[in-house]
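**Q** I'd like to ask you about the structure that follows.
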Amino acid sequence: AQTVTQSQPEMSVQEAETVTLSCTYDTSESDYYLFWYKQPPSRQMILVIRQEAYKQQNATENRFSVNFQKAAKSFSLKISDSQLGDAAMYFCAYRSAKGGSFNKFYFGSGTKLNVKP
Amino acid sequence: NAGVTQTPKFQVLKTGQSMTLQCAQDMNHNSMYWYRQDPGMGLRLIYYSASEGTTDKGEVPNGYNVSRLNKREFSLRLESAAPSQTSVYFCASMQGTSYNSPLHFGNGTRLTVT
């Protein structure tokens, strides 16, 4: 099984500032997909952003962007202009592109983001 | 669109009792999943069904059984609940035809076993 590590259990950011959440993963595969999910207090899991490993260009969705470093097996999430509504648990997830395994998603342990007004 | 619907939202069981968590999706997705979420451990895969008629074990299948009743429905059964199964359970589905397809989650079931 692949391992996904989020080394920051909890982080805080001031409203309107920028914060980066870290994620590393362990894999021997060359092709895979990476995702960030947000879980607000409502418990709903919301897709934030996704990245294909074969793409060198970092994915961006409005205020959310990733820094994908394939060689380092790192996939960090940057949130710009943080808003109070960004306060949530954030989970990094890995999905294989290998036949037979591509249906499995592996999740990190999560980072709780606090946003201070 | 309802998306992924899980029932119930909350449940309290006594040790040894059984129950079934229900999940249905209306997105015509091929793959369905059951995860459990525990503090500090993220989401761990219990069982999944890549397509109608198939089921496979995930990381933590012990103590659970599943049924893929049809393409829409995927249920999780606890035959004899244990306190270690206290957790939040999520059902999810995925289209499965595109490699970058994300998981779509239900709103979870908070289960407490006393």
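By order of appearance in the structure tokens: chains A, B, ..., then residues from 1 within every chain, and ligands from 1 in the order shown.
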Within 9 Å of chain B, which residues of chain A show up? Give each one with its shortest atom-to-atom distance in Å (one decimal) and the two atoms involved, counting only C-alpha atoms, rows by chain then rising residue number, as a tab-separated table.
**A**
residue	atom	partner	partner_atom	distance
A:Ala1	CA	B:Glu59	CA	8.4
A:Pro9	CA	B:Gly40	CA	7.8
A:Tyr32	CA	B:Tyr99	CA	8.4
A:Tyr33	CA	B:Asn100	CA	6.4
A:Leu34	CA	B:Asn100	CA	8.5
A:Phe35	CA	B:Pro102	CA	7.7
A:Ser42	CA	B:Asn107	CA	8.2
A:Arg43	CA	B:Asn107	CA	6.3
A:Gln44	CA	B:Asn107	CA	5.1
A:Met45	CA	B:Phe105	CA	6.0
A:Ile46	CA	B:Phe105	CA	7.8
A:Leu47	CA	B:Pro102	CA	7.4
A:Arg50	CA	B:Asn100	CA	7.6
A:Gln51	CA	B:Asn100	CA	8.0
A:Glu52	CA	B:Asn100	CA	7.0
A:Phe91	CA	B:Gly42	CA	7.4
A:Arg95	CA	B:Asn100	CA	8.6
A:Ser96	CA	B:Tyr99	CA	8.7
A:Ala97	CA	B:Tyr99	CA	6.5
A:Phe102	CA	B:Tyr99	CA	7.6
A:Asn103	CA	B:Ala50	CA	6.6
A:Lys104	CA	B:Tyr48	CA	8.2
A:Phe105	CA	B:Leu45	CA	8.0
A:Tyr106	CA	B:Arg44	CA	7.4
A:Phe107	CA	B:Leu43	CA	5.8
A:Gly108	CA	B:Gly42	CA	5.6
A:Ser109	CA	B:Gly42	CA	3.7
A:Gly110	CA	B:Gly42	CA	5.8
**Q** Write down as a list in words the residues belonging to stretch 5-48 of chain A that are assigned strand (DSSP E) by DSSP computed on the backbone.
**A** Thr5, Glu10, Met11, Ser12, Val13, Gln14, Val19, Thr20, Leu21, Thr24, Tyr25, Asp26, Tyr32, Tyr33, Leu34, Phe35, Trp36, Tyr37, Lys38, Gln39, Ile46, Leu47 and Val48 of chain A
**Q** Using only C-alpha atoms, which of B:Thr15, B:Thr20, B:Ser84, B:Ser93 sits nearest B:Asn62?
**A** B:Ser84
**Q** Looking at only C-alpha atoms, which of A:Asn62, A:Gln83, A:Thr3, A:Asn67 is the one that sits closest to A:Ser22?
**A** A:Asn67
**Q** Which residue is closest to A:Lys98? Choose from A:Met11, A:Thr18, A:Gln6, A:Glu29 and count only C-alpha atoms.
**A**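 For A:Lys98, the nearest of the candidates is A:Glu29.
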**Q** Looking at only C-alpha atoms, which of A:Val13, A:Ala59, A:Cys92, A:Cys23 is the one that sits closest to A:Pro117?
**A**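 Closest residue, counting only C-alpha atoms: A:Val13.
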**Q** Quick one: residues within 8 Å of A:Ser65, only C-alpha atoms counted, chain neighbours fewer than 5 positions away excluded, as a list in words?
**A**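 Selected residues are Ile49, Asn58, Ala59, Thr60, Leu77, Lys78 and Ile79 of chain A.
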**Q** Keeping only N, CA, C and O atoms, take the residues you just selected and write them out as a compact mmCIF listing (two decimals), in the first residue's frame.
**A**
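Dumped to selection-v1.txt:
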# COMPACT_ATOMS: atom_id res chain seq x y z
N ILE A 49 -8.56 20.26 -5.23
CA ILE A 49 -7.69 20.36 -6.39
C ILE A 49 -7.11 18.98 -6.68
O ILE A 49 -7.02 18.15 -5.78
N ASN A 58 1.93 22.85 -12.41
CA ASN A 58 1.20 22.76 -11.17
C ASN A 58 -0.26 23.18 -11.36
O ASN A 58 -0.55 24.18 -12.00
N ALA A 59 -1.16 22.42 -10.75
CA ALA A 59 -2.59 22.73 -10.85
C ALA A 59 -2.94 23.97 -10.02
O ALA A 59 -2.34 24.23 -8.97
N THR A 60 -3.93 24.70 -10.49
CA THR A 60 -4.42 25.90 -9.80
C THR A 60 -5.93 25.95 -9.90
O THR A 60 -6.49 25.65 -10.96
N LEU A 77 -0.04 22.08 -0.75
CA LEU A 77 -1.20 22.92 -1.11
C LEU A 77 -0.98 24.33 -0.58
O LEU A 77 -0.74 24.51 0.61
N LYS A 78 -1.06 25.31 -1.46
CA LYS A 78 -0.95 26.70 -1.06
C LYS A 78 -2.30 27.36 -1.16
O LYS A 78 -2.99 27.28 -2.19
N ILE A 79 -2.68 28.01 -0.07
CA ILE A 79 -3.94 28.75 -0.03
C ILE A 79 -3.59 30.23 0.09
O ILE A 79 -2.96 30.65 1.08
